[in-house]
$ cat upload_15.cif   # mmCIF, C-alpha atoms and all ligand atoms
data_structure
#
loop_
_atom_site.label_atom_id
_atom_site.label_comp_id
_atom_site.auth_asym_id
_atom_site.auth_seq_id
_atom_site.Cartn_x
_atom_site.Cartn_y
_atom_site.Cartn_z
CA MET N 1 51.80 3.84 -36.88
CA THR N 2 55.17 3.65 -35.12
CA LEU N 3 56.81 6.03 -32.67
CA SER N 4 60.14 7.42 -33.85
CA ASP N 5 63.43 8.40 -32.28
CA PRO N 6 63.91 10.03 -29.75
CA PHE N 7 61.77 7.49 -27.94
CA PRO N 8 60.12 8.23 -24.58
CA GLY N 9 62.21 7.01 -21.63
CA LEU N 10 61.02 4.66 -18.90
CA ASP N 11 60.00 7.45 -16.47
CA GLU N 12 57.97 9.17 -19.17
CA LEU N 13 56.23 5.89 -19.99
CA LEU N 14 55.46 5.22 -16.32
CA GLU N 15 54.05 8.75 -15.98
CA SER N 16 51.77 8.19 -18.97
CA ILE N 17 50.43 4.98 -17.39
CA GLY N 18 49.87 6.84 -14.11
CA GLU N 19 48.01 9.65 -15.84
CA GLY N 20 45.87 7.10 -17.72
CA GLY N 21 45.02 5.38 -14.45
CA ARG N 22 43.98 8.66 -12.84
CA ARG N 23 41.73 9.56 -15.78
CA VAL N 24 39.99 6.17 -15.71
CA ALA N 25 39.34 6.73 -11.99
CA THR N 26 38.07 10.26 -12.70
CA ILE N 27 35.22 8.93 -14.86
CA ASP N 28 34.34 6.31 -12.22
CA ALA N 29 35.50 3.48 -14.49
CA GLY N 30 37.97 1.93 -12.06
CA GLU N 31 36.31 1.25 -8.72
CA GLY N 32 38.45 -0.56 -6.14
CA ALA N 33 41.00 -2.64 -8.01
CA ALA N 34 38.93 -2.78 -11.23
CA GLY N 35 40.66 -2.13 -14.53
CA ASN N 36 44.21 -2.65 -15.76
CA ILE N 37 46.70 -1.06 -18.15
CA SER N 38 49.63 -2.31 -20.21
CA ILE N 39 51.98 -0.88 -22.81
CA LEU N 40 54.12 -2.69 -25.36
CA VAL N 41 57.50 -1.07 -25.92
CA GLY N 42 59.30 -2.22 -29.07
CA TRP N 43 62.60 -0.35 -28.62
CA PRO N 44 65.33 -1.24 -26.12
CA ILE N 45 64.65 0.19 -22.64
CA GLU N 46 66.61 -0.39 -19.46
CA VAL N 47 64.12 -1.32 -16.72
CA ARG N 48 66.52 -2.57 -14.01
CA ARG N 49 67.00 0.73 -12.16
CA ARG N 50 63.28 0.87 -11.34
CA PHE N 51 62.57 -2.88 -11.49
CA PRO N 52 65.75 -4.66 -10.29
CA ASN N 53 64.33 -8.09 -9.33
CA PRO N 54 64.02 -10.71 -12.10
CA GLU N 55 61.98 -13.90 -12.09
CA PRO N 56 60.83 -16.21 -14.88
CA VAL N 57 57.18 -15.73 -15.84
CA ALA N 58 54.94 -17.91 -18.01
CA LEU N 59 53.36 -16.36 -21.08
CA PRO N 60 49.66 -17.24 -21.52
CA VAL N 61 50.04 -17.19 -25.33
CA PRO N 62 53.03 -17.53 -27.67
CA THR N 63 54.22 -14.08 -28.76
CA PRO N 64 56.67 -14.55 -31.64
CA HIS N 65 56.20 -10.96 -32.85
CA LEU N 66 57.03 -9.54 -29.42
CA ALA N 67 60.42 -11.27 -29.12
CA GLY N 68 62.85 -8.95 -27.38
CA HIS N 69 60.09 -6.43 -26.59
CA THR N 70 58.99 -5.22 -23.15
CA VAL N 71 55.45 -5.09 -21.79
CA ILE N 72 54.85 -2.90 -18.73
CA VAL N 73 51.67 -4.04 -17.01
CA SER N 74 49.70 -3.48 -13.81
CA GLY N 75 49.73 -6.05 -11.02
CA SER N 76 46.69 -8.03 -9.90
CA GLY N 77 44.61 -6.25 -7.25
CA ARG N 78 46.36 -2.89 -7.77
CA ARG N 79 44.34 0.31 -8.05
CA LEU N 80 44.49 2.32 -11.26
CA ARG N 81 44.37 5.58 -9.29
CA ASP N 82 47.61 4.61 -7.48
CA LEU N 83 49.67 3.90 -10.61
CA GLY N 84 50.80 7.51 -10.84
CA THR N 85 51.96 7.93 -7.24
CA SER N 86 53.94 4.70 -6.97
CA PRO N 87 54.33 3.16 -10.44
CA ALA N 88 57.18 0.78 -9.58
CA ALA N 89 55.22 -0.78 -6.68
CA ASN N 90 52.13 -1.38 -8.83
CA LEU N 91 53.62 -2.32 -12.21
CA GLY N 92 55.91 -5.03 -13.56
CA ALA N 93 58.10 -5.05 -16.68
CA VAL N 94 57.94 -8.26 -18.72
CA ARG N 95 60.88 -8.72 -21.09
CA ILE N 96 59.98 -11.31 -23.71
CA ALA N 97 62.80 -13.63 -24.76
CA GLY N 98 64.03 -14.14 -28.30
CA ASP N 99 61.96 -17.33 -28.66
CA GLY N 100 58.70 -15.44 -27.99
CA LEU N 101 57.72 -18.26 -25.62
CA THR N 102 59.43 -17.39 -22.35
CA ALA N 103 59.87 -14.15 -20.45
CA THR N 104 61.39 -12.49 -17.41
CA LEU N 105 59.29 -10.36 -15.06
CA TRP N 106 61.23 -7.46 -13.53
CA THR N 107 59.76 -5.92 -10.39
CA ALA N 108 60.63 -3.41 -7.69
CA PRO N 109 61.62 -4.29 -4.09
CA ASN N 110 58.44 -2.54 -2.85
CA ARG N 111 56.20 -4.51 -5.23
CA LEU N 112 52.61 -4.77 -3.98
CA PHE N 113 51.28 -7.69 -6.04
CA GLU N 114 51.76 -11.45 -6.36
CA ARG N 115 50.67 -11.94 -9.95
CA LEU N 116 50.13 -9.77 -13.00
CA THR N 117 46.61 -8.55 -13.79
CA SER N 118 43.95 -11.27 -14.19
CA GLU N 119 43.35 -9.96 -17.74
CA TRP N 120 47.05 -10.41 -18.63
CA ASN N 121 46.15 -12.96 -21.32
CA SER N 122 43.90 -10.46 -23.15
CA HIS N 123 46.47 -7.65 -22.92
CA LEU N 124 49.28 -9.82 -24.24
CA ALA N 125 47.22 -11.44 -27.01
CA VAL N 126 46.07 -8.02 -28.31
CA HIS N 127 49.64 -6.69 -28.30
CA GLU N 128 50.86 -9.77 -30.20
CA ASP N 129 48.04 -9.63 -32.75
CA THR N 130 48.44 -5.90 -33.38
CA VAL N 131 52.21 -6.02 -33.76
CA ALA N 132 51.89 -9.06 -36.07
CA ARG N 133 49.44 -7.17 -38.29
CA SER N 134 50.85 -3.62 -38.20
CA GLY N 135 54.46 -3.83 -37.05
CA THR N 136 53.92 -1.00 -34.56
CA ASN N 137 56.67 -0.45 -31.98
CA PHE N 138 54.28 0.92 -29.35
CA HIS N 139 50.85 -0.19 -28.22
CA ALA N 140 48.74 0.72 -25.21
CA VAL N 141 45.84 -1.41 -23.91
CA VAL N 142 43.44 -0.29 -21.18
CA HIS N 143 40.67 -2.30 -19.53
CA ALA N 144 38.15 -0.25 -17.53
CA GLN N 145 34.61 -0.64 -16.24
CA PRO N 146 32.67 2.51 -17.25
CA PRO N 147 29.18 2.35 -15.71
CA HIS N 148 26.99 3.64 -18.56
CA LEU N 149 28.55 1.51 -21.30
CA THR N 150 28.39 -1.50 -19.02
CA TYR N 151 24.79 -0.77 -17.98
CA LEU N 152 23.65 -0.63 -21.62
CA SER N 153 25.24 -4.05 -22.24
CA HIS N 154 22.90 -5.45 -19.58
CA VAL N 155 19.90 -4.46 -21.77
CA PRO N 156 19.50 -7.39 -24.22
CA ALA N 157 18.68 -5.24 -27.29
CA TYR N 158 21.97 -3.35 -26.91
CA ARG N 159 24.06 -6.52 -27.17
CA ASP N 160 23.34 -6.40 -30.91
CA GLU N 161 26.32 -4.41 -32.22
CA ALA N 162 24.34 -2.64 -34.97
CA VAL N 163 21.63 -1.57 -32.52
CA PHE N 164 24.18 -0.47 -29.92
CA ASN N 165 26.02 1.76 -32.40
CA GLU N 166 22.87 3.18 -33.94
CA ARG N 167 21.67 4.25 -30.49
CA VAL N 168 24.92 5.33 -28.87
CA MET N 169 26.73 7.09 -31.74
CA ARG N 170 23.95 9.69 -32.19
CA TRP N 171 24.52 12.10 -29.31
CA GLU N 172 27.59 14.17 -30.11
CA PRO N 173 29.18 15.00 -33.48
CA GLU N 174 32.68 14.08 -32.31
CA THR N 175 31.76 10.50 -31.38
CA ILE N 176 31.90 9.27 -34.99
CA VAL N 177 35.00 11.41 -35.66
CA GLN N 178 36.85 9.85 -32.72
CA LEU N 179 35.44 6.33 -33.09
CA PRO N 180 34.98 5.89 -36.86
CA ALA N 181 34.66 2.09 -36.58
CA GLY N 182 32.13 2.50 -33.75
CA ILE N 183 32.13 0.37 -30.64
CA GLY N 184 32.55 -3.42 -30.80
CA ILE N 185 30.31 -5.60 -28.63
CA LEU N 186 31.15 -9.00 -27.15
CA PRO N 187 28.67 -11.18 -25.25
CA PHE N 188 29.33 -11.89 -21.59
CA MET N 189 32.30 -14.18 -21.13
CA LEU N 190 34.14 -15.23 -17.99
CA PRO N 191 36.75 -12.64 -16.96
CA GLY N 192 40.27 -13.86 -17.74
CA SER N 193 39.01 -16.79 -19.84
CA ASP N 194 40.51 -18.08 -23.10
CA ASP N 195 37.15 -17.45 -24.81
CA LEU N 196 37.22 -13.77 -23.84
CA MET N 197 40.86 -13.49 -24.87
CA ALA N 198 40.19 -14.90 -28.36
CA ALA N 199 36.98 -12.98 -29.03
CA ASN N 200 38.54 -9.75 -27.76
CA VAL N 201 41.53 -10.09 -30.12
CA GLU N 202 39.20 -10.65 -33.05
CA ARG N 203 36.96 -7.66 -32.23
CA LEU N 204 39.87 -5.28 -31.56
CA ARG N 205 41.18 -5.89 -35.10
CA SER N 206 38.37 -3.81 -36.57
CA HIS N 207 37.63 -1.60 -33.55
CA ARG N 208 39.67 0.55 -31.17
CA ILE N 209 37.29 -0.10 -28.29
CA VAL N 210 35.16 -3.12 -27.46
CA VAL N 211 32.51 -3.63 -24.78
CA TRP N 212 32.76 -6.82 -22.73
CA SER N 213 29.05 -7.22 -21.97
CA LYS N 214 28.07 -7.04 -18.29
CA HIS N 215 31.69 -6.27 -17.37
CA GLY N 216 33.47 -3.30 -19.00
CA VAL N 217 35.56 -2.31 -22.00
CA MET N 218 39.00 -2.74 -23.53
CA ALA N 219 40.52 0.04 -25.65
CA ARG N 220 43.81 0.27 -27.51
CA SER N 221 46.03 2.82 -29.21
CA ASP N 222 49.32 2.64 -31.11
CA ILE N 223 50.13 6.24 -30.11
CA SER N 224 49.66 6.61 -26.34
CA VAL N 225 47.87 5.52 -23.18
CA THR N 226 46.11 8.89 -23.35
CA ARG N 227 44.57 8.06 -26.73
CA ALA N 228 43.33 4.70 -25.48
CA VAL N 229 41.74 6.36 -22.43
CA ASP N 230 40.28 9.09 -24.68
CA ARG N 231 38.42 6.37 -26.57
CA ILE N 232 36.94 5.08 -23.33
CA GLU N 233 35.88 8.63 -22.38
CA TYR N 234 34.24 9.32 -25.77
CA ALA N 235 32.37 6.02 -25.70
CA GLU N 236 31.31 6.42 -22.06
CA ALA N 237 30.11 10.02 -22.66
CA ALA N 238 27.99 8.76 -25.57
CA ALA N 239 26.60 5.90 -23.48
CA ARG N 240 25.75 8.35 -20.69
CA PHE N 241 23.56 10.34 -23.11
CA GLU N 242 21.83 7.16 -24.20
CA TYR N 243 21.25 6.16 -20.58
CA MET N 244 19.90 9.65 -19.76
CA ASP N 245 17.51 9.40 -22.68
CA LEU N 246 16.30 5.94 -21.59
CA VAL N 247 15.66 7.28 -18.09
CA ALA N 248 13.93 10.39 -19.48
CA GLY N 249 11.55 8.25 -21.52
CA GLY N 250 13.25 8.59 -24.91
CA ARG N 251 12.20 12.18 -25.53
CA ALA N 252 15.38 13.40 -27.22
CA GLU N 253 15.99 13.49 -30.96
CA GLY N 254 19.70 12.74 -31.13
CA LEU N 255 21.55 13.54 -34.34
CA THR N 256 19.51 12.40 -37.33
CA ARG N 257 21.16 10.14 -39.91
CA ASP N 258 21.41 13.12 -42.26
CA GLU N 259 23.08 15.23 -39.57
CA SER N 260 25.55 12.46 -38.78
CA ARG N 261 26.23 11.94 -42.48
CA ALA N 262 26.98 15.66 -42.84
CA VAL N 263 29.54 15.40 -40.00
CA VAL N 264 31.14 12.36 -41.66
CA GLU N 265 31.43 14.21 -44.98
CA ALA N 266 32.68 17.48 -43.47
CA PHE N 267 35.42 15.78 -41.45
CA GLY N 268 36.29 13.15 -44.07
CA VAL N 269 35.58 10.30 -41.62
CA LYS N 270 36.12 6.83 -43.08
CA THR N 271 33.22 4.89 -41.63
CA THR N 272 30.57 2.41 -42.68
CA LEU N 273 28.20 3.45 -39.89
CA PHE N 274 26.60 6.47 -41.63
ZN ZN A 301 37.37 -6.10 -15.25
#
$ encode --input "upload_15.cif" --output "structure tokens" --more "lines below"
Ligand SMILES: [Zn+2]
Amino acid sequence: MTLSDPFPGLDELLESIGEGGRRVATIDAGEGAAGNISILVGWPIEVRRRFPNPEPVALPVPTPHLAGHTVIVSGSGRRLRDLGTSPAANLGAVRIAGDGLTATLWTAPNRLFERLTSEWNSHLAVHEDTVARSGTNFHAVVHAQPPHLTYLSHVPAYRDEAVFNERVMRWEPETIVQLPAGIGILPFMLPGSDDLMAANVERLRSHRIVVWSKHGVMARSDISVTRAVDRIEYAEAAARFEYMDLVAGGRAEGLTRDESRAVVEAFGVKTTLF
């Protein structure tokens, strides 16, 4: 998937990040400064009117496929709910050089952060991997901390990906339609670590959303920030049903396998889950 001309302008892109941040906050998945958002823009955009101050910035991973591209990303300690009201103060624009190894960070005079998000390595590595594999010219990545998905990952049985999907995908017909590959599960790993970065890249090849156990989720979309946040909402809504059923003593039926299979057939969903 690639976006085509006429491409969205910088203000439109900043608005979409702001709206994504508000929606993550609306489902209680971005308490305090939790969560972060980035977008990869593969067409030329002029960022200097909003972000006039340049400085060199180190890239945590080589990004040969992102040479000449721009990544707009939230700053460390910034609140997702504030991205819409003052995007330039809370975001930076990273222009990656032609060598894919060095970059310039462009920021606004009223910038409110020292460093980029602590999960910058995971954002950048997923952008690089996706562009290398698909050639997309747009990619949105959102990290959030939805409570029900995260709670379930604290229950040992749910850290088995097959078990997690069998339990969580059974509550609403649209869950399998919207998340045909299901939800990927990673064990607990240190936030911001190289281990998390590598495992997250690998899991987001086959999935559009992955749970970081005992922490949160990362979701991606090659269409829009909205689609990436949608995936978090669908997964969190499904996890909320599962949590409700656990609390209620497991009295609900959920969709049976036959019912889920009927949905898959009716909507032509390509999935291996049912
Ligand atoms: Zn986090």
$ closest_atom_pairs --input "upload_15.cif" --of "chain N" --to "ligand ZN 301 (chain A)" --cutoff "7 Å" --atoms "all atoms listed in the file" --output "Markdown table"
| residue | atom | partner | partner_atom | distance |
| --- | --- | --- | --- | --- |
| N:Ala34 | CA | A:ZN301 | ZN | 5.4 |
| N:Gly35 | CA | A:ZN301 | ZN | 5.2 |
| N:His143 | CA | A:ZN301 | ZN | 6.6 |
| N:Ala144 | CA | A:ZN301 | ZN | 6.3 |
| N:Gln145 | CA | A:ZN301 | ZN | 6.2 |
| N:Pro191 | CA | A:ZN301 | ZN | 6.8 |
| N:His215 | CA | A:ZN301 | ZN | 6.1 |
| N:Gly216 | CA | A:ZN301 | ZN | 6.1 |
$ write_last_selection --input "upload_15.cif" --atoms "C-alpha atoms" --output "mmCIF file, in the frame of the given file"
data_model
loop_
_atom_site.group_PDB
_atom_site.id
_atom_site.type_symbol
_atom_site.label_atom_id
_atom_site.label_comp_id
_atom_site.auth_asym_id
_atom_site.auth_seq_id
_atom_site.Cartn_x
_atom_site.Cartn_y
_atom_site.Cartn_z
ATOM 1 C CA ALA N 34 38.930 -2.780 -11.230
ATOM 2 C CA GLY N 35 40.660 -2.130 -14.530
ATOM 3 C CA HIS N 143 40.670 -2.300 -19.530
ATOM 4 C CA ALA N 144 38.150 -0.250 -17.530
ATOM 5 C CA GLN N 145 34.610 -0.640 -16.240
ATOM 6 C CA PRO N 191 36.750 -12.640 -16.960
ATOM 7 C CA HIS N 215 31.690 -6.270 -17.370
ATOM 8 C CA GLY N 216 33.470 -3.300 -19.000
#
$ closest_residue --input "upload_15.cif" --among "N:His139, N:His127, N:Arg159, N:Arg170" --to "Ser221 of chain N" --atoms "only C-alpha atoms"
N:His139
$ residues_around --input "upload_15.cif" --residues "Val211 of chain N" --least-positions-apart "6" --cutoff "7 Å" --atoms "all atoms listed in the file" --output "list of chain:residue names"
N:Gly184, N:Ile185, N:Leu186, N:Val217, N:Met218
$ closest_residue --input "upload_15.cif" --among "N:His207, N:Lys270, N:Lys214, N:Arg240" --to "Pro187 of chain N" --atoms "only C-alpha atoms"
N:Lys214
$ residues_around --input "upload_15.cif" --residues "Ile176 of chain N" --least-positions-apart "5" --cutoff "9 Å" --atoms "only C-alpha atoms" --output "VMD selection string"
chain N and resid 169 to 170 181 to 182 260 263 to 264 269 271 273 to 274
$ residues_around --input "upload_15.cif" --residues "segment 62-71 of chain N" --least-positions-apart "6" --cutoff "9 Å" --atoms "only C-alpha atoms" --output "PyMOL selection string"
chain N and resi 38-45+92-102+124-125+127-129+131-132+135+137
$ residues_near_point --input "upload_15.cif" --point "(18.6, -1.2, -28.6)" --cutoff "12 Å" --atoms "only C-alpha atoms" --output "list in words"
Leu152, Ser153, His154, Val155, Pro156, Ala157, Tyr158, Arg159, Asp160, Glu161, Ala162, Val163, Phe164, Asn165, Glu166, Arg167, Val168, Ala239, Glu242, Tyr243, Leu246 and Gly250 of chain N
$ residues_around --input "upload_15.cif" --residues "segment 111-117 of chain N" --least-positions-apart "6" --cutoff "7 Å" --atoms "only C-alpha atoms" --output "ChimeraX atom specification"
/N:36,74-77,88-90
$ atom_distance --input "upload_15.cif" --atom1 "atom CA of Pro54 of chain N" --atom2 "atom CA of Thr107 of chain N"
6.6 Å
$ closest_residue --input "upload_15.cif" --among "N:Trp171, N:Phe7, N:Trp212, N:Tyr151" --to "Ser122 of chain N" --atoms "all atoms listed in the file"
N:Trp212
$ decode --input "upload_15.cif" --residues "segment 67-93 of chain N" --atoms "N, CA, C and O atoms" --output "compact mmCIF listing (two decimals), in the first residue's frame"
# COMPACT_ATOMS: atom_id res chain seq x y z
N ALA N 67 16.33 6.44 3.61
CA ALA N 67 17.19 7.56 3.18
C ALA N 67 16.36 8.64 2.51
O ALA N 67 15.54 8.35 1.62
N GLY N 68 16.53 9.87 2.98
CA GLY N 68 15.79 10.99 2.40
C GLY N 68 14.37 11.13 2.91
O GLY N 68 13.68 12.08 2.57
N HIS N 69 13.90 10.18 3.72
CA HIS N 69 12.54 10.23 4.26
C HIS N 69 12.51 11.04 5.56
O HIS N 69 13.54 11.33 6.16
N THR N 70 11.30 11.36 6.00
CA THR N 70 11.10 12.11 7.24
C THR N 70 10.27 11.29 8.21
O THR N 70 9.27 10.68 7.80
N VAL N 71 10.68 11.26 9.47
CA VAL N 71 9.87 10.63 10.51
C VAL N 71 9.46 11.71 11.50
O VAL N 71 10.32 12.42 12.05
N ILE N 72 8.16 11.88 11.70
CA ILE N 72 7.66 12.83 12.69
C ILE N 72 7.28 12.02 13.92
O ILE N 72 6.53 11.04 13.83
N VAL N 73 7.84 12.41 15.08
CA VAL N 73 7.75 11.53 16.25
C VAL N 73 7.59 12.35 17.53
O VAL N 73 8.09 13.48 17.62
N SER N 74 6.90 11.76 18.51
CA SER N 74 6.65 12.48 19.76
C SER N 74 7.90 12.54 20.63
O SER N 74 8.75 11.65 20.59
N GLY N 75 8.00 13.59 21.42
CA GLY N 75 9.14 13.78 22.31
C GLY N 75 8.98 13.00 23.61
O GLY N 75 7.87 12.69 24.03
N SER N 76 10.10 12.68 24.24
CA SER N 76 10.07 11.96 25.51
C SER N 76 9.33 12.77 26.58
O SER N 76 9.53 13.99 26.69
N GLY N 77 8.48 12.11 27.33
CA GLY N 77 7.77 12.77 28.43
C GLY N 77 6.57 13.60 27.99
O GLY N 77 5.90 14.22 28.83
N ARG N 78 6.28 13.64 26.69
CA ARG N 78 5.13 14.44 26.23
C ARG N 78 3.85 13.61 26.32
O ARG N 78 3.88 12.38 26.28
N ARG N 79 2.74 14.31 26.47
CA ARG N 79 1.45 13.63 26.68
C ARG N 79 0.70 13.50 25.35
O ARG N 79 0.54 14.48 24.63
N LEU N 80 0.23 12.27 25.09
CA LEU N 80 -0.46 12.04 23.82
C LEU N 80 -1.66 12.96 23.66
O LEU N 80 -1.97 13.41 22.57
N ARG N 81 -2.34 13.26 24.78
CA ARG N 81 -3.55 14.09 24.67
C ARG N 81 -3.23 15.53 24.28
O ARG N 81 -4.12 16.27 23.86
N ASP N 82 -1.96 15.94 24.42
CA ASP N 82 -1.57 17.32 24.08
C ASP N 82 -1.07 17.47 22.65
O ASP N 82 -0.80 18.59 22.20
N LEU N 83 -0.90 16.36 21.94
CA LEU N 83 -0.30 16.44 20.60
C LEU N 83 -1.16 17.27 19.65
O LEU N 83 -0.64 17.94 18.76
N GLY N 84 -2.48 17.22 19.85
CA GLY N 84 -3.37 17.94 18.96
C GLY N 84 -3.37 19.44 19.20
O GLY N 84 -3.46 20.23 18.25
N THR N 85 -3.24 19.86 20.46
CA THR N 85 -3.34 21.30 20.76
C THR N 85 -2.04 22.03 20.46
O THR N 85 -2.06 23.18 20.02
N SER N 86 -0.90 21.39 20.69
CA SER N 86 0.36 22.06 20.33
C SER N 86 1.34 21.05 19.73
O SER N 86 2.31 20.64 20.39
N PRO N 87 1.06 20.64 18.48
CA PRO N 87 1.89 19.59 17.85
C PRO N 87 3.36 19.97 17.75
O PRO N 87 4.23 19.14 18.04
N ALA N 88 3.66 21.22 17.36
CA ALA N 88 5.06 21.56 17.12
C ALA N 88 5.88 21.51 18.41
O ALA N 88 7.06 21.17 18.39
N ALA N 89 5.25 21.82 19.56
CA ALA N 89 5.97 21.81 20.84
C ALA N 89 6.26 20.39 21.32
O ALA N 89 7.20 20.16 22.08
N ASN N 90 5.45 19.43 20.86
CA ASN N 90 5.52 18.06 21.39
C ASN N 90 6.12 17.04 20.43
O ASN N 90 6.35 15.90 20.80
N LEU N 91 6.34 17.49 19.18
CA LEU N 91 6.82 16.56 18.15
C LEU N 91 8.13 17.09 17.55
O LEU N 91 8.40 18.29 17.60
N GLY N 92 8.92 16.18 16.98
CA GLY N 92 10.10 16.56 16.22
C GLY N 92 10.03 15.91 14.85
O GLY N 92 9.34 14.89 14.67
N ALA N 93 10.72 16.51 13.87
CA ALA N 93 10.76 15.94 12.52
C ALA N 93 12.20 15.50 12.24
O ALA N 93 13.11 16.33 12.24
